[in-house]
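Here's the structure, in structure tokens; my notes come after.
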Amino acid sequence: MKKILFLSLTAILCLSNTLAQTKKTVTPSSTKSSTSAQITPATAIKQLRDFFFNRDYIGGVKEGNSLTVKFPDNQELQAWHLINLVKLDSPAGFESSQKFLAEKGENRWTLTALCFAQSYNKPSEAISTAEKLIKLAPDDEDTIFIYNNAIYKNSKYADSDIWLDKNAAKIKDQSRLLVAKALNSYYLAKSDAAKKQQAFDLLTKAVALSPNSVNANFIYGYQLAADKRFDEAIPFFRKAAKFSPKSWEIEKSLLESMANQSGKDQAQNLIEVEKEITTYFNNNSSLLEDSPDVLFGAASLYETLKNDEKRDFYENKVLQKFPNTKFDEAVLYNRIERAQKEMVKDFDINKTIESLGKMSEGTKPDMSKFLEDSRKRMEKMNAIKKMRQDFIKRPNHFDTVKLGETYYSLLNLSNFDILNGDENIKELIEGVLKYKKNTTSQIMNSEIAKILTRAKINAKDNKLVQDAEKYARAGMDDVETMLKEKPALAMQKLDIPIRGNAKLVLAEVFLKDGNLDEAEKLLTEIQSTIPSNGVESGQIASLSRSIDRDFAELYTNKKDFDKAEGYYLKNVTGREALDLIPFRTLYAKKTGSREGLDVYLAQIKEKINLKLKNDLLSSRIKTPKDLAAFNLQTIEGKPFSSEELKGKVAVINFWGTWCAPCVAEMPDFQKLVDKYKNDKDVVILTMDSNDELADVKKFMVDKKYNFPVLIGDTYTGNIMFNSSIAFPTTLFVGKTGKIEFVKISNSPRLFDEFSWRIDILKEDK
């Protein structure tokens, strides 16, 4: 069992099937520096081509910087310099290619550079540029592949194949052609294993025709790695590295596959990766001094290897040697994100819910630890806030996405500043609207309105929070613009939740303002858009829950407590401590005292249980499918097959020790196993995936769990892939061998919910 470890890759790894194969095999010694004697424009062009075809884009850009100064009027040389730059720094290459064309006008070389840059930045614009280019050099092999790149980067793989076949007679290097066709074949195959194998057959032929080709070997290795065939990929990456030992792109791909070798435990793999990267840096020490790409890539690598000391070492190198660049910007942003994740990881939501529940009951729980944890958390939040503020104050920003996220995060954490009328809030709002783009799940004006509405609770007279309605209505306008520009959203039925959520924000503004009639009117309007056929997407289900929550608040404020209770019941989550909080508040508002609260809550608990059970049982699959057969082994090495489940109710939980939500529900899962351990009609088992066998065994011993664990890597992978589900997932199989229920994600009330499913299936004959 292997845990797949994907390394962070900072460059685009898969070179397109254009310009993807050298016309001549290039050995390491043939890529010479411009300091060589008798350099001419022709030899300079060849050097930059060799750097590109060797996938040594760092070397190509560095050498091109000096060669283009030496031969400033050679536009072909400039084009190859820009092509290398596009592969190293796509946005910078795109901007420089645009300037190149603006300065020199449209010709073969300016169009070559621009078309290549567009393919990686604005592929929809590349095809029209390619049409102009191909007219200038219709029989040139590079131009044919540049044109093909424009098609390929628009994911038009079938059209790319047609183009290549049409021009095959003009292409001298058939190995190069085979690589291009193999890439098309691979992506056209999708999940069809037989068709995918055709792609690998083409790559086999390509390598046979040009065995020392850097690119043929690299692409073969890359596609094998993409297919998670890491062991097979390593020899191809090593061969590519042999002929291009300085290429950081090849080295990173090799390291990724080494980290995921089978037959060795993860620790062994990481030792080999560490040894390989040390050797590479020793042989290419200048890269660590001259190239921020390599320094940042090394930091990312050690982040993945969980070597914080070396990660910090290389990050500090970036900060010291390359300040005010996109690389130090990325380092600083990553540090903010890590700090945020650490803070969230240390926050125990269950303890918070428990404390809130006790406080709402009027009891006084021991709050000392809770308050101390809250104080520490506030200190961390303030430190992260300062980091974000410093990030925004940088003199230059290169990644507007990161900038937008930073503005948004700061605004989200600025509730107290809003209450105080902080003028900086206006700057944050402007930053969010300028840099953070609307998505189907987040409309920025609506998000701003939600943040301001939260502050309305205590600040009705604040001018900033009075603007909430303005932003809410602007968000609704933004939604209509988006739906008009993207009609496919309506075809996918996404217009309902997108439009509904924007209107919901305005309804919540009305609620906070005390404009209850307008709120009720708008909530009723939104509710009327929800499909009545019982078929709900995840987005629509989420919208429905939000509507119910707001109706509950509305009727509480209107003192229609029975209606409010009904809507609160519709919105329960299964977390008892959290679910009961609104009912405690409702009872206090209804009666004005806590007398009789315990009796009321006991009645509510019964209603919640009945509601959850009915909801759960109504989720039974209408047309259940057979459980796929399996023959697996337990972690003790004993065989276990699906035949042993015949005539029984089976519960199969898919999990891994690396999956935090999976691990969180295991204590309740063990209780479930204990409940049914003597029931001959029930089988409860788990299938572990992506773990080392020793790790699973240790986990089971340390936690004192005794439920059956099967080694389910391949079987689990097929189940997950074909069902588009995630970890943890639990299947409930009836006596006839059909999957009757599927539970995706962990369960706050696993013992009850799983027991209900098991018991209803036991009743079947």
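Simple scheme: letters A, B, ... for chains in structure tokens order, numbers from 1 for residues in each chain, numbers from 1 for ligands in the order shown.
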
Tell me which protein, DNA and RNA residues are within 12 Å of region 481-488 of chain A, counting only C-alpha atoms, leaving out same-chain ones fewer than 3 positions away, and put them as a list in words.
-> Lys437, Asn438, Thr439, Thr440, Ser441, Gln442, Ile443, Ala474, Gly475, Met476, Asp477, Asp478, Met491, Gln492, Lys493, Leu494, Asp495, Ile496, Pro497, Ile498 and Arg499 of chain A

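Residue nearest Ala226 (chain A), chosen from A:Glu595, A:Glu256, A:Asp308, A:Glu447 and counting only C-alpha atoms: A:Glu256.
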
DSSP-assigned alpha helix (DSSP H) members of region 684-747 of chain A, reported as a ChimeraX atom specification | /A:693-703,713-723

Written file, previous selection with N, CA, C and O atoms, as a PDB file, in the first residue's frame:
```
ATOM      1  N   LEU A 693       1.504  -0.577   5.357  1.00  0.00           N
ATOM      2  CA  LEU A 693       0.925  -1.642   6.172  1.00  0.00           C
ATOM      3  C   LEU A 693       1.335  -1.497   7.636  1.00  0.00           C
ATOM      4  O   LEU A 693       0.504  -1.626   8.548  1.00  0.00           O
ATOM      5  N   ALA A 694       2.603  -1.193   7.857  1.00  0.00           N
ATOM      6  CA  ALA A 694       3.091  -1.052   9.234  1.00  0.00           C
ATOM      7  C   ALA A 694       2.393   0.098   9.954  1.00  0.00           C
ATOM      8  O   ALA A 694       2.109   0.014  11.157  1.00  0.00           O
ATOM      9  N   ASP A 695       2.095   1.162   9.218  1.00  0.00           N
ATOM     10  CA  ASP A 695       1.425   2.317   9.828  1.00  0.00           C
ATOM     11  C   ASP A 695       0.014   1.958  10.282  1.00  0.00           C
ATOM     12  O   ASP A 695      -0.433   2.378  11.357  1.00  0.00           O
ATOM     13  N   VAL A 696      -0.686   1.175   9.451  1.00  0.00           N
ATOM     14  CA  VAL A 696      -2.053   0.783   9.809  1.00  0.00           C
ATOM     15  C   VAL A 696      -2.041  -0.132  11.030  1.00  0.00           C
ATOM     16  O   VAL A 696      -2.843   0.032  11.960  1.00  0.00           O
ATOM     17  N   LYS A 697      -1.131  -1.089  11.025  1.00  0.00           N
ATOM     18  CA  LYS A 697      -1.049  -2.017  12.162  1.00  0.00           C
ATOM     19  C   LYS A 697      -0.764  -1.262  13.455  1.00  0.00           C
ATOM     20  O   LYS A 697      -1.386  -1.519  14.498  1.00  0.00           O
ATOM     21  N   LYS A 698       0.172  -0.338  13.393  1.00  0.00           N
ATOM     22  CA  LYS A 698       0.518   0.451  14.580  1.00  0.00           C
ATOM     23  C   LYS A 698      -0.677   1.282  15.043  1.00  0.00           C
ATOM     24  O   LYS A 698      -0.961   1.375  16.247  1.00  0.00           O
ATOM     25  N   PHE A 699      -1.379   1.871  14.099  1.00  0.00           N
ATOM     26  CA  PHE A 699      -2.556   2.672  14.428  1.00  0.00           C
ATOM     27  C   PHE A 699      -3.588   1.828  15.162  1.00  0.00           C
ATOM     28  O   PHE A 699      -4.145   2.253  16.184  1.00  0.00           O
ATOM     29  N   MET A 700      -3.859   0.627  14.656  1.00  0.00           N
ATOM     30  CA  MET A 700      -4.875  -0.238  15.271  1.00  0.00           C
ATOM     31  C   MET A 700      -4.465  -0.659  16.679  1.00  0.00           C
ATOM     32  O   MET A 700      -5.300  -0.702  17.595  1.00  0.00           O
ATOM     33  N   VAL A 701      -3.178  -0.952  16.856  1.00  0.00           N
ATOM     34  CA  VAL A 701      -2.689  -1.362  18.181  1.00  0.00           C
ATOM     35  C   VAL A 701      -2.737  -0.186  19.149  1.00  0.00           C
ATOM     36  O   VAL A 701      -3.216  -0.305  20.286  1.00  0.00           O
ATOM     37  N   ASP A 702      -2.238   0.971  18.698  1.00  0.00           N
ATOM     38  CA  ASP A 702      -2.185   2.151  19.576  1.00  0.00           C
ATOM     39  C   ASP A 702      -3.581   2.571  20.034  1.00  0.00           C
ATOM     40  O   ASP A 702      -3.774   2.986  21.187  1.00  0.00           O
ATOM     41  N   LYS A 703      -4.553   2.465  19.142  1.00  0.00           N
ATOM     42  CA  LYS A 703      -5.911   2.910  19.461  1.00  0.00           C
ATOM     43  C   LYS A 703      -6.766   1.803  20.081  1.00  0.00           C
ATOM     44  O   LYS A 703      -7.914   2.049  20.471  1.00  0.00           O
ATOM     45  N   ASP A 713      -6.280  -1.000  -1.579  1.00  0.00           N
ATOM     46  CA  ASP A 713      -5.795   0.046  -2.484  1.00  0.00           C
ATOM     47  C   ASP A 713      -6.446   0.046  -3.865  1.00  0.00           C
ATOM     48  O   ASP A 713      -7.087   1.007  -4.260  1.00  0.00           O
ATOM     49  N   THR A 714      -6.273  -1.038  -4.630  1.00  0.00           N
ATOM     50  CA  THR A 714      -6.780  -1.063  -6.003  1.00  0.00           C
ATOM     51  C   THR A 714      -8.301  -1.039  -6.028  1.00  0.00           C
ATOM     52  O   THR A 714      -8.912  -0.270  -6.780  1.00  0.00           O
ATOM     53  N   TYR A 715      -8.921  -1.857  -5.204  1.00  0.00           N
ATOM     54  CA  TYR A 715     -10.383  -1.910  -5.153  1.00  0.00           C
ATOM     55  C   TYR A 715     -10.950  -0.562  -4.731  1.00  0.00           C
ATOM     56  O   TYR A 715     -11.889  -0.039  -5.339  1.00  0.00           O
ATOM     57  N   THR A 716     -10.347   0.022  -3.692  1.00  0.00           N
ATOM     58  CA  THR A 716     -10.807   1.329  -3.218  1.00  0.00           C
ATOM     59  C   THR A 716     -10.653   2.380  -4.298  1.00  0.00           C
ATOM     60  O   THR A 716     -11.536   3.211  -4.512  1.00  0.00           O
ATOM     61  N   GLY A 717      -9.513   2.347  -4.990  1.00  0.00           N
ATOM     62  CA  GLY A 717      -9.283   3.316  -6.056  1.00  0.00           C
ATOM     63  C   GLY A 717     -10.352   3.252  -7.124  1.00  0.00           C
ATOM     64  O   GLY A 717     -10.848   4.281  -7.593  1.00  0.00           O
ATOM     65  N   ASN A 718     -10.734   2.034  -7.501  1.00  0.00           N
ATOM     66  CA  ASN A 718     -11.775   1.880  -8.525  1.00  0.00           C
ATOM     67  C   ASN A 718     -13.123   2.387  -8.029  1.00  0.00           C
ATOM     68  O   ASN A 718     -13.866   3.049  -8.748  1.00  0.00           O
ATOM     69  N   ILE A 719     -13.452   2.071  -6.780  1.00  0.00           N
ATOM     70  CA  ILE A 719     -14.715   2.535  -6.203  1.00  0.00           C
ATOM     71  C   ILE A 719     -14.757   4.055  -6.187  1.00  0.00           C
ATOM     72  O   ILE A 719     -15.732   4.689  -6.603  1.00  0.00           O
ATOM     73  N   MET A 720     -13.681   4.668  -5.689  1.00  0.00           N
ATOM     74  CA  MET A 720     -13.638   6.125  -5.567  1.00  0.00           C
ATOM     75  C   MET A 720     -13.677   6.796  -6.931  1.00  0.00           C
ATOM     76  O   MET A 720     -14.376   7.779  -7.147  1.00  0.00           O
ATOM     77  N   PHE A 721     -12.890   6.282  -7.876  1.00  0.00           N
ATOM     78  CA  PHE A 721     -12.810   6.911  -9.196  1.00  0.00           C
ATOM     79  C   PHE A 721     -14.143   6.842  -9.923  1.00  0.00           C
ATOM     80  O   PHE A 721     -14.618   7.817 -10.488  1.00  0.00           O
ATOM     81  N   ASN A 722     -14.759   5.688  -9.899  1.00  0.00           N
ATOM     82  CA  ASN A 722     -15.989   5.504 -10.669  1.00  0.00           C
ATOM     83  C   ASN A 722     -17.201   6.166 -10.024  1.00  0.00           C
ATOM     84  O   ASN A 722     -18.213   6.381 -10.675  1.00  0.00           O
ATOM     85  N   SER A 723     -17.099   6.501  -8.733  1.00  0.00           N
ATOM     86  CA  SER A 723     -18.245   7.075  -8.037  1.00  0.00           C
ATOM     87  C   SER A 723     -18.071   8.548  -7.704  1.00  0.00           C
ATOM     88  O   SER A 723     -18.978   9.181  -7.207  1.00  0.00           O
TER      89      SER A 723
END
```

Near Ser119 (chain A), within 7 Å and counting only C-alpha atoms, which residues show up once chain neighbours fewer than 3 positions away are dropped, as a PyMOL selection string?
-> chain A and resi 115-116+122-123+126+149-150+153

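Considering the residues A:Phe510, A:Phe732, A:Phe551, A:Phe561 and counting only C-alpha atoms, Asn653 (chain A) has its shortest atom-to-atom contact with A:Phe732.
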
From the list A:Leu403, A:Leu301, A:Val682, A:Leu295, which residue is nearest Glu274 (chain A) when using only C-alpha atoms?
-> A:Leu301

In region 571-708 of chain A, what's strand (DSSP E) per DSSP? Answer as a list in words?
-> Asn631, Leu632, Gln633, Pro639, Phe640, Ser641, Val649, Ala650, Val651, Ile652, Asn653, Phe654, Trp655, Val682, Val683, Ile684, Leu685, Thr686, Met687 and Asp688 of chain A

Counting only C-alpha atoms, what is within 10 Å of Asp764 (chain A), bar same-chain residues fewer than 6 positions away, as JSON, numbers by chain?
-> {"A": [649, 734, 735, 736]}

Which residue gives the smallest distance to Ile621 (chain A) among A:Asp467, A:Glu636, A:Asp679, A:Glu740, with only C-alpha atoms counted?
-> A:Glu740

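Every protein, DNA or RNA residue with an atom at most 8 Å from Leu177 (chain A), where only C-alpha atoms count and chain neighbours fewer than 4 positions away do not, is listed here: A:Gln21, A:Leu164, A:Ala168, A:Ile171, A:Asp173, A:Lys181.
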
Residues just named, written with all heavy atoms as an mmCIF file, in the first residue's frame:
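File written: result32.cif
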```
data_model
loop_
_atom_site.group_PDB
_atom_site.id
_atom_site.type_symbol
_atom_site.label_atom_id
_atom_site.label_comp_id
_atom_site.auth_asym_id
_atom_site.auth_seq_id
_atom_site.Cartn_x
_atom_site.Cartn_y
_atom_site.Cartn_z
ATOM 1 N N GLN A 21 9.930 17.921 -29.698
ATOM 2 C CA GLN A 21 10.926 16.908 -29.973
ATOM 3 C C GLN A 21 12.082 17.535 -30.736
ATOM 4 O O GLN A 21 11.880 18.266 -31.681
ATOM 5 C CB GLN A 21 10.300 15.782 -30.820
ATOM 6 C CG GLN A 21 11.211 14.623 -31.073
ATOM 7 C CD GLN A 21 11.414 13.833 -29.815
ATOM 8 O OE1 GLN A 21 10.559 13.827 -28.967
ATOM 9 N NE2 GLN A 21 12.548 13.207 -29.683
ATOM 10 N N LEU A 164 -1.967 17.156 -37.384
ATOM 11 C CA LEU A 164 -0.693 16.450 -37.479
ATOM 12 C C LEU A 164 -0.687 15.467 -38.650
ATOM 13 O O LEU A 164 0.296 15.364 -39.390
ATOM 14 C CB LEU A 164 -0.401 15.723 -36.171
ATOM 15 C CG LEU A 164 -0.097 16.623 -34.960
ATOM 16 C CD1 LEU A 164 -0.084 15.802 -33.680
ATOM 17 C CD2 LEU A 164 1.222 17.349 -35.139
ATOM 18 N N ALA A 168 1.848 15.494 -41.807
ATOM 19 C CA ALA A 168 2.849 14.484 -41.462
ATOM 20 C C ALA A 168 3.969 14.396 -42.489
ATOM 21 O O ALA A 168 5.143 14.204 -42.136
ATOM 22 C CB ALA A 168 2.177 13.123 -41.300
ATOM 23 N N ILE A 171 6.895 16.721 -41.934
ATOM 24 C CA ILE A 171 7.650 16.590 -40.686
ATOM 25 C C ILE A 171 8.733 15.533 -40.860
ATOM 26 O O ILE A 171 8.445 14.345 -41.049
ATOM 27 C CB ILE A 171 6.704 16.207 -39.527
ATOM 28 C CG1 ILE A 171 5.654 17.307 -39.328
ATOM 29 C CG2 ILE A 171 7.495 15.989 -38.236
ATOM 30 C CD1 ILE A 171 4.559 16.947 -38.349
ATOM 31 N N ASP A 173 11.157 14.753 -38.606
ATOM 32 C CA ASP A 173 11.403 14.007 -37.372
ATOM 33 C C ASP A 173 10.136 13.271 -36.955
ATOM 34 O O ASP A 173 9.268 13.821 -36.278
ATOM 35 C CB ASP A 173 11.854 14.966 -36.274
ATOM 36 C CG ASP A 173 12.369 14.231 -35.040
ATOM 37 O OD1 ASP A 173 12.011 13.049 -34.875
ATOM 38 O OD2 ASP A 173 13.119 14.838 -34.266
ATOM 39 N N LYS A 181 1.400 12.972 -31.176
ATOM 40 C CA LYS A 181 0.191 12.167 -31.338
ATOM 41 C C LYS A 181 -0.094 11.348 -30.080
ATOM 42 O O LYS A 181 -1.256 11.118 -29.730
ATOM 43 C CB LYS A 181 0.329 11.254 -32.569
ATOM 44 C CG LYS A 181 0.265 12.004 -33.891
ATOM 45 C CD LYS A 181 0.356 11.058 -35.086
ATOM 46 C CE LYS A 181 -0.873 10.183 -35.214
ATOM 47 N NZ LYS A 181 -2.101 10.951 -35.488
#
```

Residues near Ala472 (chain A), cut-off 9 Å, only C-alpha atoms, skip fewer than 6 positions along chain, as a PyMOL selection string = chain A and resi 445-450+502-506+509

For Ala113 (chain A): contacts at 9 Å, only C-alpha atoms, fewer than 4 positions along chain excluded, given as a list in words = Gln78, Ala79, Trp80, His81, Leu82, Ile83, Val86, Gly93, Phe94, Ser97, Gln98, Phe100, Leu101, Arg108, Trp109, Ala117 and Gln118 of chain A

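Closest to Ala541 (chain A) among A:Ile581, A:Gly500, A:Leu202, A:Lys704 is A:Gly500, based on only C-alpha atoms.
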
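The space between CA of Phe727 (chain A) and CA of Ala193 (chain A) spans 24.4 Å.
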
Select, from A:Tyr302, A:Tyr587, A:Tyr333, A:Phe230, the residue with the minimum atom-to-atom distance to Arg394 (chain A), counting only C-alpha atoms.
-> A:Tyr333

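Computed from the coordinates, the CA of Asn74 (chain A) to CA of Gln174 (chain A) distance equals 29.5 Å.
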